[in-house]
Amino acid sequence: MDASPLAPWEDPRAQPLIRFRNVTKSFGAFTAIDDLSLDIFEKEFFALLGPSGCGKTTMMRMLAGFEAPSSGVIELAGQDIAPVPPNQRAVNMMFQSYALFPHLSIWDNIAFGLKRDKMPKHDLNERVEAMLKLTRLEQFASRKPHQISGGQRQRVALARSLAKAPKLLLLDEPLGALDKKLRQDTQFELMDIQETTGTTFVIVTHDQEEAMTVASRVAVMDHGRIIQADTPDRIYETPNSVYVADFIGDVNIIQGKANSGEGEGYRIFWSEGQPPLQASSSTDLSTGQSCSLAIRPEKVAISAERPEEAANAVQGKVLDIAYLGNLSTYHVELPNGLVIKAQTANTRRISRRSFTWEDPVWLSWTATAGVLLAN
Amino acid sequence: MRRFFLIAIPYGWLLVLFLIPFVIVLKISLSDTELAIPPYTPTLDLSQGWSGIREFFAGLDLENFVWLTEDDLYWKAYLSSLWIATISTLLTLMIGYPMAYAMARSPEQWRTTLMMLVILPFWTSFLIRVYAWMGILSQEGFLNQFLLWIGVIDTPLTILNTNTAVYIGIVYTYLPFMILPIYAALDRLDGSLIEAAEDLGCSRLMAFWLVTLPLSRPGVIAGCFLVFIPALGEFVIPSLLGGSGTLMIGKVLWEEFFSNRDWPVASAVAVVLLLILVIPIVLFQRNQQKQQEAEQ
């Protein structure tokens with residue numbers, strides 16, 4: 001694949017803006033970050049995604065300078081940043097709680113960092129006005145933080161952290177306190193601002209949808225390690241482990257034993273008395289190796305009759321139907337007790353729905369629909 | 001109806017325990033002294049009907065208040081009290097703020113213990129603690145003996161019965177009233193605000209000056225009033241630890257009541273003291289109210 005400027009991580013010659021080299025951070029006996037190496041490139045919108053306690057916030061705090069790594073090196077633009085205190089780093093952070101100064105007006109909050117740099121008054125005024133304009137806060141400049149709404153506070157926090165034009169902006173669960181609708185709007189706003197300013201963004205989130213929406217690359221973390229760091233589509237389509245497949249979106253996991261069959265595909269024996277499933281895989285599996293087949297619900301078709309062409313077809317009965325408006329998810333119980341989720345778009349009115357509870361149905365998918373993962 | 005009773009309880013309390021005693025004191029301050037029981041005149045004689053009431057009001061005058069302005073003892077005592085209260089408040093603040101800050105910064109599991117240590121002296125009688133200071137500060141007291149023993153001084157220091165002892169006593173007694181509100185303000189302070197200030201280019205000291213200090217201001221103001229108001233009318237500390245040169249209005253008040261047995265003048269002193277105290281109390285209330293509004 002050729003290295004385009006949009007994907008610097010595929011270019012072996014590209015210089016990363018941030019480089020974690022074998023970084024470990026422990027608090028007493030607890031290891032928050034475990035021998036982690038990672039490159040983040042300029043102008044990236046990089047998401048650290050994981051459950052709480054996975055070490056994502058610790059990584060961010062090490063970048064900001066509030067924690068020092070126990071071992072290993074963190075480089076920013078080629079420089080080891082360990083000896084640089086937080087107030088001298090070209091890194092700014094947007095805090096989860098926003099951390100707006102309650103005794104200062106919105107204007108003074110945004111100007112706070114610039115004043116510390118002894119910026120000339122004229123330039124300072126101009127910069128603050130530009131930030132207010134960028135975040136559409138002009139008419140709130142003289143208000144105090146407690147006099148504005150949660151969404152506006154979030155924008156003030158963003159404006160304040162962008163005001164000093166940092167090389168790197170850290171966002172710690174920036175949208176956690178907003179309701180769903182506002183969060184979605186703000187996600188696009190964040191992406192726009194990231195593109196306009198050209199700043200490198202590193203966002204910490206536990207919301208996989210948010211990470212997928214905003215980020216150019218997503219790193220899925222667990223127990224202080226990065227399990228997979230890749231573009232959102234590849235994280236979703238080709239997860240490298242059951243953990244990642246399960247963490248991102250909804251997935252059906254079928255356990256079985258692999259058997260390299262005819263051609264390049266594998267046959268997976270998953271249940272006694274059932275024909276093996278067909279699956280292609282890029283990873284090599286030995287015969288008899290235990291494996292998991294991960295299939296997204298939207299890639300499983302549901303029908304009343306056995307489809308003629310399908311590579312894989314299993315019969316079951318409808319256990320539950322989750323109606324989500326635009327989609328319906330059918331929970332289908334297979335003869336061996338396994339429940340498989342199949343999702344269909346509701347292109348027809350609900351009254352014309354073909355299946356209902358307890359109906360016998362056929363589930364089918366192609367050989368390339370799933371991802372075969374070694375256990 | 002039930003709401004009326006609920007409101008009636010605090011108002012009844014104020015009426016019986018504040019307003020009625022105040023009216024009695026005010027009445028005595030407008031009376032004349034007399035060698036009798038009670039030692040003032042006129043007294044209300046309701047058996048004579050209307051003329052008794054008229055006579056009673058005719059006997060009241062502002063003579064005692066005029067007297068307060070004529071004898072310079074009183075205004076000097078008021079000024080001296082204000083001065084001592086102000087200096088003690090500043091000293092208490094200087095000692096109390098670092099203590100409150102250290103408490104708020106200490107590990108979570110230590111804070112309750114530290115708080116207990118601050119409150120602990122209240123478990124002993126105030127009077128006994130002041131007497132203990134007499135034992136510490138006197139010529140042959142613990143402090144002098146210790147200083148002589150380690151060889152810092154050759155002759156014992158005279159601390160007891162001076163204004164220094166009064167300052168020590170007031171600062172010691174009222175320190176918890178300064179620490180607790182400041183601690184409460186600092187404890188509420190979100191640690192990420194300090195980190196945000198550092199992140200935006202502040203040094204530690206700058207972050208303290210620009211963020212911590214302004215945000216703890218309501219606690220500082222509350223603490224200052226809680227020390228200043230009682231220190232102004234303080235009587236026990238100056239009379240036990242202070243000397244003959246220590247002039248405080250609380251002491252003057254006590255002497256007028258019990259040495260001179262001049263109840264009307266003593267009452268007039270008390271009324272003026274109350275009027276002086278109303279100003280900081282109103283300011284204190286306003287500060288509390290502003291703080292509550294800011295929190296909403």
# chains A, B, ... in the order shown; residues from 1 in each chain; ligands from 1
>>> closest_atom_pairs(of="chain A", to="chain B", cutoff="7 Å", atoms="only C-alpha atoms", output="tab-separated table")
residue	atom	partner	partner_atom	distance
A:Pro86	CA	B:Asp199	CA	5.4
A:Asn87	CA	B:Gly201	CA	4.0
A:Gln88	CA	B:Gly201	CA	6.3
A:Asn92	CA	B:Asp199	CA	6.0
A:Met93	CA	B:Asp199	CA	6.8
A:Ala99	CA	B:Leu193	CA	5.0
A:Leu100	CA	B:Leu193	CA	6.9
A:Phe101	CA	B:Leu193	CA	6.7
A:His103	CA	B:Leu215	CA	6.9
A:Gly113	CA	B:Leu200	CA	4.5
A:Arg116	CA	B:Gly201	CA	5.9
>>> write_last_selection(atoms="N, CA and C atoms", output="short mmCIF file (atom, residue, chain, number, x, y, z; two decimals), in the first residue's frame")
data_model
loop_
_atom_site.label_atom_id
_atom_site.label_comp_id
_atom_site.auth_asym_id
_atom_site.auth_seq_id
_atom_site.Cartn_x
_atom_site.Cartn_y
_atom_site.Cartn_z
N PRO A 86 5.16 20.45 33.59
CA PRO A 86 3.95 20.67 32.79
C PRO A 86 3.79 22.10 32.28
N ASN A 87 4.26 23.09 33.08
CA ASN A 87 4.03 24.47 32.65
C ASN A 87 4.98 24.91 31.54
N GLN A 88 5.93 24.04 31.15
CA GLN A 88 6.83 24.41 30.05
C GLN A 88 6.68 23.49 28.85
N ASN A 92 -1.20 21.10 25.78
CA ASN A 92 -2.27 21.57 26.64
C ASN A 92 -3.32 20.49 26.77
N MET A 93 -4.06 20.59 27.85
CA MET A 93 -4.99 19.53 28.17
C MET A 93 -6.37 20.11 28.41
N ALA A 99 -12.39 21.92 34.42
CA ALA A 99 -11.48 22.69 35.28
C ALA A 99 -11.44 24.16 34.90
N LEU A 100 -12.61 24.74 34.62
CA LEU A 100 -12.65 26.18 34.36
C LEU A 100 -12.49 26.91 35.68
N PHE A 101 -11.79 28.04 35.65
CA PHE A 101 -11.58 28.79 36.88
C PHE A 101 -12.87 29.51 37.23
N HIS A 103 -13.69 31.70 39.36
CA HIS A 103 -13.65 33.11 39.74
C HIS A 103 -13.31 34.03 38.57
N GLY A 113 -3.79 31.34 29.92
CA GLY A 113 -2.51 30.80 29.48
C GLY A 113 -1.69 31.82 28.71
N ARG A 116 0.14 34.22 30.93
CA ARG A 116 1.34 33.64 31.55
C ARG A 116 2.52 33.74 30.61
#
>>> residues_around(residues="Leu62 of chain B", least_positions_apart="3", cutoff="12 Å", atoms="only C-alpha atoms", output="list of chain:residue names")
B:Leu26, B:Lys27, B:Ile28, B:Ser29, B:Leu30, B:Ser31, B:Asp32, B:Ala58, B:Gly59, B:Phe65, B:Val66, B:Trp67, B:Leu68, B:Thr69, B:Pro264, B:Val265, B:Ser267, B:Ala268
>>> residues_around(residues="Tyr266 of chain A", least_positions_apart="5", cutoff="8 Å", atoms="only C-alpha atoms", output="short mmCIF file (atom, residue, chain, number, x, y, z; two decimals) with N, CA and C atoms, in the first residue's frame")
data_model
loop_
_atom_site.label_atom_id
_atom_site.label_comp_id
_atom_site.auth_asym_id
_atom_site.auth_seq_id
_atom_site.Cartn_x
_atom_site.Cartn_y
_atom_site.Cartn_z
N ALA A 258 -10.44 -25.42 14.23
CA ALA A 258 -10.17 -25.15 12.82
C ALA A 258 -9.68 -26.42 12.12
N ASN A 259 -9.98 -26.49 10.85
CA ASN A 259 -9.52 -27.60 10.03
C ASN A 259 -9.28 -27.03 8.64
N SER A 260 -7.99 -26.96 8.23
CA SER A 260 -7.73 -26.37 6.91
C SER A 260 -8.32 -27.28 5.85
N GLY A 261 -9.30 -26.81 5.18
CA GLY A 261 -10.03 -27.62 4.22
C GLY A 261 -9.56 -27.35 2.82
N GLN A 278 -17.74 -22.49 7.07
CA GLN A 278 -16.67 -22.08 6.15
C GLN A 278 -16.21 -20.68 6.54
N ALA A 279 -14.90 -20.49 6.61
CA ALA A 279 -14.39 -19.14 6.89
C ALA A 279 -13.01 -18.99 6.28
N SER A 280 -12.78 -17.83 5.68
CA SER A 280 -11.45 -17.56 5.18
C SER A 280 -10.72 -16.76 6.24
N SER A 281 -9.39 -16.90 6.25
CA SER A 281 -8.65 -16.18 7.27
C SER A 281 -7.28 -15.82 6.76
#
>>> closest_atom_pairs(of="segment 54-97 of chain A", to="segment 146-164 of chain A", cutoff="10 Å", atoms="only C-alpha atoms", output="tab-separated table")
residue	atom	partner	partner_atom	distance
A:Ala90	CA	A:Lys164	CA	8.4
A:Val91	CA	A:Ser161	CA	8.9
A:Asn92	CA	A:Ser161	CA	5.5
A:Met93	CA	A:Ser161	CA	5.9
A:Met94	CA	A:Ser161	CA	5.9
A:Phe95	CA	A:Ala157	CA	7.6
A:Gln96	CA	A:Gln154	CA	9.2
A:Ser97	CA	A:Gln154	CA	8.9
>>> write_last_selection(atoms="N, CA and C atoms", output="PDB file, in the first residue's frame")
ATOM      1  N   ALA A  90       4.826  22.177  25.411  1.00  0.00           N
ATOM      2  CA  ALA A  90       3.958  22.695  24.346  1.00  0.00           C
ATOM      3  C   ALA A  90       2.746  21.785  24.178  1.00  0.00           C
ATOM      4  N   VAL A  91       2.217  21.396  25.318  1.00  0.00           N
ATOM      5  CA  VAL A  91       1.096  20.468  25.353  1.00  0.00           C
ATOM      6  C   VAL A  91       0.033  21.096  26.228  1.00  0.00           C
ATOM      7  N   ASN A  92      -1.201  21.103  25.778  1.00  0.00           N
ATOM      8  CA  ASN A  92      -2.271  21.573  26.638  1.00  0.00           C
ATOM      9  C   ASN A  92      -3.317  20.495  26.773  1.00  0.00           C
ATOM     10  N   MET A  93      -4.058  20.592  27.853  1.00  0.00           N
ATOM     11  CA  MET A  93      -4.989  19.529  28.167  1.00  0.00           C
ATOM     12  C   MET A  93      -6.372  20.109  28.408  1.00  0.00           C
ATOM     13  N   MET A  94      -7.360  19.386  27.905  1.00  0.00           N
ATOM     14  CA  MET A  94      -8.738  19.737  28.225  1.00  0.00           C
ATOM     15  C   MET A  94      -9.204  18.701  29.235  1.00  0.00           C
ATOM     16  N   PHE A  95      -9.528  19.180  30.432  1.00  0.00           N
ATOM     17  CA  PHE A  95      -9.810  18.265  31.534  1.00  0.00           C
ATOM     18  C   PHE A  95     -11.227  17.704  31.447  1.00  0.00           C
ATOM     19  N   GLN A  96     -11.364  16.515  32.025  1.00  0.00           N
ATOM     20  CA  GLN A  96     -12.668  15.858  32.017  1.00  0.00           C
ATOM     21  C   GLN A  96     -13.711  16.725  32.722  1.00  0.00           C
ATOM     22  N   SER A  97     -13.304  17.340  33.846  1.00  0.00           N
ATOM     23  CA  SER A  97     -14.233  18.195  34.593  1.00  0.00           C
ATOM     24  C   SER A  97     -14.232  19.621  34.026  1.00  0.00           C
TER      25      SER A  97
END
>>> atom_distance(atom1="atom CA of Ile7 of chain B", atom2="atom CA of Leu283 of chain B")
24.7 Å
>>> residues_around(residues="segment 62-72 of chain A", least_positions_apart="6", cutoff="9 Å", atoms="only C-alpha atoms", output="ChimeraX atom specification")
/A:18,20-27,33,35-36,81-87,89,91-93,170 /B:195,199
>>> residues_around(residues="Val314 of chain A", least_positions_apart="6", cutoff="7 Å", atoms="only C-alpha atoms", output="ChimeraX atom specification")
/A:362-364
>>> write_last_selection(atoms="N, CA and C atoms", output="mmCIF file, in the first residue's frame")
data_model
loop_
_atom_site.group_PDB
_atom_site.id
_atom_site.type_symbol
_atom_site.label_atom_id
_atom_site.label_comp_id
_atom_site.auth_asym_id
_atom_site.auth_seq_id
_atom_site.Cartn_x
_atom_site.Cartn_y
_atom_site.Cartn_z
ATOM 1 N N TRP A 362 -33.677 -19.404 9.364
ATOM 2 C CA TRP A 362 -32.327 -19.763 8.922
ATOM 3 C C TRP A 362 -31.432 -18.542 8.994
ATOM 4 N N LEU A 363 -30.231 -18.731 9.537
ATOM 5 C CA LEU A 363 -29.234 -17.667 9.551
ATOM 6 C C LEU A 363 -28.144 -18.043 8.564
ATOM 7 N N SER A 364 -27.687 -17.055 7.786
ATOM 8 C CA SER A 364 -26.653 -17.386 6.812
ATOM 9 C C SER A 364 -25.658 -16.241 6.673
#
>>> select_by_dssp(residues="segment 140-315 of chain A", states="helix (DSSP H, G or I)", output="MDAnalysis selection string")
chainID A and resid 140 145:147 150:162 180:197 208:214 232:237 242:247 297:299
>>> write_last_selection(atoms="C-alpha atoms", output="mmCIF file, in the first residue's frame")
data_model
loop_
_atom_site.group_PDB
_atom_site.id
_atom_site.type_symbol
_atom_site.label_atom_id
_atom_site.label_comp_id
_atom_site.auth_asym_id
_atom_site.auth_seq_id
_atom_site.Cartn_x
_atom_site.Cartn_y
_atom_site.Cartn_z
ATOM 1 C CA PHE A 140 -20.733 34.822 26.630
ATOM 2 C CA PRO A 145 -18.488 29.614 34.149
ATOM 3 C CA HIS A 146 -21.480 28.908 36.419
ATOM 4 C CA GLN A 147 -23.654 31.166 34.275
ATOM 5 C CA GLY A 150 -22.650 22.401 30.099
ATOM 6 C CA GLY A 151 -22.127 22.432 26.342
ATOM 7 C CA GLN A 152 -20.859 26.005 26.456
ATOM 8 C CA ARG A 153 -18.494 25.158 29.315
ATOM 9 C CA GLN A 154 -17.110 22.333 27.245
ATOM 10 C CA ARG A 155 -16.408 24.795 24.416
ATOM 11 C CA VAL A 156 -14.749 27.247 26.817
ATOM 12 C CA ALA A 157 -12.472 24.457 28.037
ATOM 13 C CA LEU A 158 -11.610 23.645 24.432
ATOM 14 C CA ALA A 159 -10.989 27.300 23.551
ATOM 15 C CA ARG A 160 -8.782 27.750 26.621
ATOM 16 C CA SER A 161 -6.658 24.717 25.823
ATOM 17 C CA LEU A 162 -6.327 25.711 22.153
ATOM 18 C CA LYS A 180 -26.226 12.172 23.672
ATOM 19 C CA LYS A 181 -27.563 14.619 21.101
ATOM 20 C CA LEU A 182 -25.187 17.403 22.134
ATOM 21 C CA ARG A 183 -22.330 14.914 22.212
ATOM 22 C CA GLN A 184 -22.898 13.931 18.597
ATOM 23 C CA ASP A 185 -23.000 17.558 17.446
ATOM 24 C CA THR A 186 -19.875 18.342 19.427
ATOM 25 C CA GLN A 187 -17.994 15.391 17.966
ATOM 26 C CA PHE A 188 -18.292 16.904 14.506
ATOM 27 C CA GLU A 189 -17.390 20.316 15.891
ATOM 28 C CA LEU A 190 -14.249 18.828 17.424
ATOM 29 C CA MET A 191 -13.282 17.271 14.100
ATOM 30 C CA ASP A 192 -13.827 20.592 12.311
ATOM 31 C CA ILE A 193 -11.705 22.443 14.841
ATOM 32 C CA GLN A 194 -8.989 19.826 14.635
ATOM 33 C CA GLU A 195 -8.899 20.219 10.873
ATOM 34 C CA THR A 196 -8.969 24.047 11.000
ATOM 35 C CA THR A 197 -6.211 24.371 13.564
ATOM 36 C CA GLN A 208 -16.286 3.333 21.341
ATOM 37 C CA GLU A 209 -18.780 5.157 19.125
ATOM 38 C CA GLU A 210 -17.131 8.479 19.980
ATOM 39 C CA ALA A 211 -13.654 7.105 19.264
ATOM 40 C CA MET A 212 -14.793 5.655 15.931
ATOM 41 C CA THR A 213 -16.477 8.908 14.908
ATOM 42 C CA VAL A 214 -13.733 11.417 15.637
ATOM 43 C CA PRO A 232 -11.565 2.781 12.934
ATOM 44 C CA ASP A 233 -12.663 0.698 9.936
ATOM 45 C CA ARG A 234 -9.878 -1.827 10.381
ATOM 46 C CA ILE A 235 -10.459 -2.047 14.122
ATOM 47 C CA TYR A 236 -14.064 -2.847 13.312
ATOM 48 C CA GLU A 237 -13.651 -5.098 10.304
ATOM 49 C CA VAL A 242 -11.661 -11.455 20.647
ATOM 50 C CA TYR A 243 -11.172 -8.608 23.181
ATOM 51 C CA VAL A 244 -11.097 -5.933 20.468
ATOM 52 C CA ALA A 245 -13.936 -7.539 18.499
ATOM 53 C CA ASP A 246 -16.047 -7.654 21.628
ATOM 54 C CA PHE A 247 -15.137 -4.143 22.829
ATOM 55 C CA PRO A 297 -24.738 -9.071 13.543
ATOM 56 C CA GLU A 298 -25.346 -6.945 10.442
ATOM 57 C CA LYS A 299 -23.438 -9.478 8.355
#
>>> residues_around(residues="Ser292 of chain A", least_positions_apart="6", cutoff="8 Å", atoms="only C-alpha atoms", output="list in words")
Val242, Ile253, Ile254, Gln255, Gly256, Leu372, Leu373, Ala374 and Asn375 of chain A
>>> select_by_dssp(residues="segment 14-231 of chain A", states="strand (DSSP E or B)", output="ChimeraX atom specification")
/A:18-27,30-40,45-49,71-76,79-80,91-94,168-172,200-205,217-222,225-230
>>> write_last_selection(atoms="C-alpha atoms", output="mmCIF file, in the first residue's frame")
data_model
loop_
_atom_site.group_PDB
_atom_site.id
_atom_site.type_symbol
_atom_site.label_atom_id
_atom_site.label_comp_id
_atom_site.auth_asym_id
_atom_site.auth_seq_id
_atom_site.Cartn_x
_atom_site.Cartn_y
_atom_site.Cartn_z
ATOM 1 C CA ILE A 18 4.981 11.528 20.027
ATOM 2 C CA ARG A 19 6.869 8.354 20.629
ATOM 3 C CA PHE A 20 6.325 6.078 23.617
ATOM 4 C CA ARG A 21 9.279 3.731 23.931
ATOM 5 C CA ASN A 22 8.814 0.797 26.306
ATOM 6 C CA VAL A 23 7.032 2.987 28.805
ATOM 7 C CA THR A 24 6.007 1.447 32.109
ATOM 8 C CA LYS A 25 4.212 3.292 34.872
ATOM 9 C CA SER A 26 3.421 1.694 38.195
ATOM 10 C CA PHE A 27 1.716 3.065 41.275
ATOM 11 C CA PHE A 30 -0.239 -1.651 40.495
ATOM 12 C CA THR A 31 1.042 -1.429 36.930
ATOM 13 C CA ALA A 32 -0.983 1.181 35.079
ATOM 14 C CA ILE A 33 1.061 1.138 31.872
ATOM 15 C CA ASP A 34 2.913 -2.029 30.949
ATOM 16 C CA ASP A 35 5.917 -1.785 28.584
ATOM 17 C CA LEU A 36 4.013 0.229 26.026
ATOM 18 C CA SER A 37 5.370 1.500 22.713
ATOM 19 C CA LEU A 38 3.370 3.733 20.408
ATOM 20 C CA ASP A 39 3.887 6.380 17.732
ATOM 21 C CA ILE A 40 1.476 9.252 17.209
ATOM 22 C CA PHE A 45 -6.710 12.687 15.803
ATOM 23 C CA PHE A 46 -5.726 9.773 17.986
ATOM 24 C CA ALA A 47 -8.144 8.042 20.340
ATOM 25 C CA LEU A 48 -7.197 5.997 23.387
ATOM 26 C CA LEU A 49 -10.110 3.692 23.992
ATOM 27 C CA SER A 71 10.752 3.401 33.042
ATOM 28 C CA GLY A 72 10.986 4.008 29.316
ATOM 29 C CA VAL A 73 11.052 7.233 27.335
ATOM 30 C CA ILE A 74 8.343 9.523 26.001
ATOM 31 C CA GLU A 75 9.506 11.767 23.175
ATOM 32 C CA LEU A 76 7.738 14.840 21.864
ATOM 33 C CA GLN A 79 12.890 15.310 22.637
ATOM 34 C CA ASP A 80 12.616 13.312 25.835
ATOM 35 C CA VAL A 91 1.096 20.468 25.353
ATOM 36 C CA ASN A 92 -2.271 21.573 26.638
ATOM 37 C CA MET A 93 -4.989 19.529 28.167
ATOM 38 C CA MET A 94 -8.738 19.737 28.225
ATOM 39 C CA LEU A 168 -0.440 18.613 21.063
ATOM 40 C CA LEU A 169 -3.878 18.851 22.600
ATOM 41 C CA LEU A 170 -4.981 16.256 25.103
ATOM 42 C CA LEU A 171 -8.690 15.692 25.627
ATOM 43 C CA ASP A 172 -9.706 13.664 28.662
ATOM 44 C CA THR A 200 -2.556 16.974 16.939
ATOM 45 C CA PHE A 201 -5.356 15.720 19.150
ATOM 46 C CA VAL A 202 -5.139 12.817 21.550
ATOM 47 C CA ILE A 203 -8.507 11.948 23.017
ATOM 48 C CA VAL A 204 -9.210 9.585 25.884
ATOM 49 C CA THR A 205 -12.605 7.968 25.890
ATOM 50 C CA ARG A 217 -6.668 6.070 14.538
ATOM 51 C CA VAL A 218 -7.942 4.255 17.576
ATOM 52 C CA ALA A 219 -5.862 2.410 20.150
ATOM 53 C CA VAL A 220 -7.835 -0.170 22.103
ATOM 54 C CA MET A 221 -6.298 -0.597 25.534
ATOM 55 C CA ASP A 222 -6.621 -3.152 28.285
ATOM 56 C CA ARG A 225 -1.320 -2.465 27.103
ATOM 57 C CA ILE A 226 -2.390 -1.453 23.636
ATOM 58 C CA ILE A 227 -4.192 -4.431 22.139
ATOM 59 C CA GLN A 228 -4.661 -2.921 18.704
ATOM 60 C CA ALA A 229 -3.967 0.508 17.211
ATOM 61 C CA ASP A 230 -5.449 1.059 13.782
#
>>> atom_distance(atom1="atom CA of Ile179 of chain B", atom2="atom CA of Ala102 of chain B")
10.5 Å
>>> residues_around(residues="segment 272-276 of chain B", least_positions_apart="4", cutoff="12 Å", atoms="only C-alpha atoms", output="MDAnalysis selection string")
chainID B and resid 18 22 25:26 29 64:66 68:69 74:75 77:79 81:82 228:234 248:250 252:253 265:268 280:282
>>> closest_residue(among="A:Ala165, A:Ala130, A:Ile340, A:Ile295", to="Lys317 of chain A", atoms="only C-alpha atoms")
A:Ile340
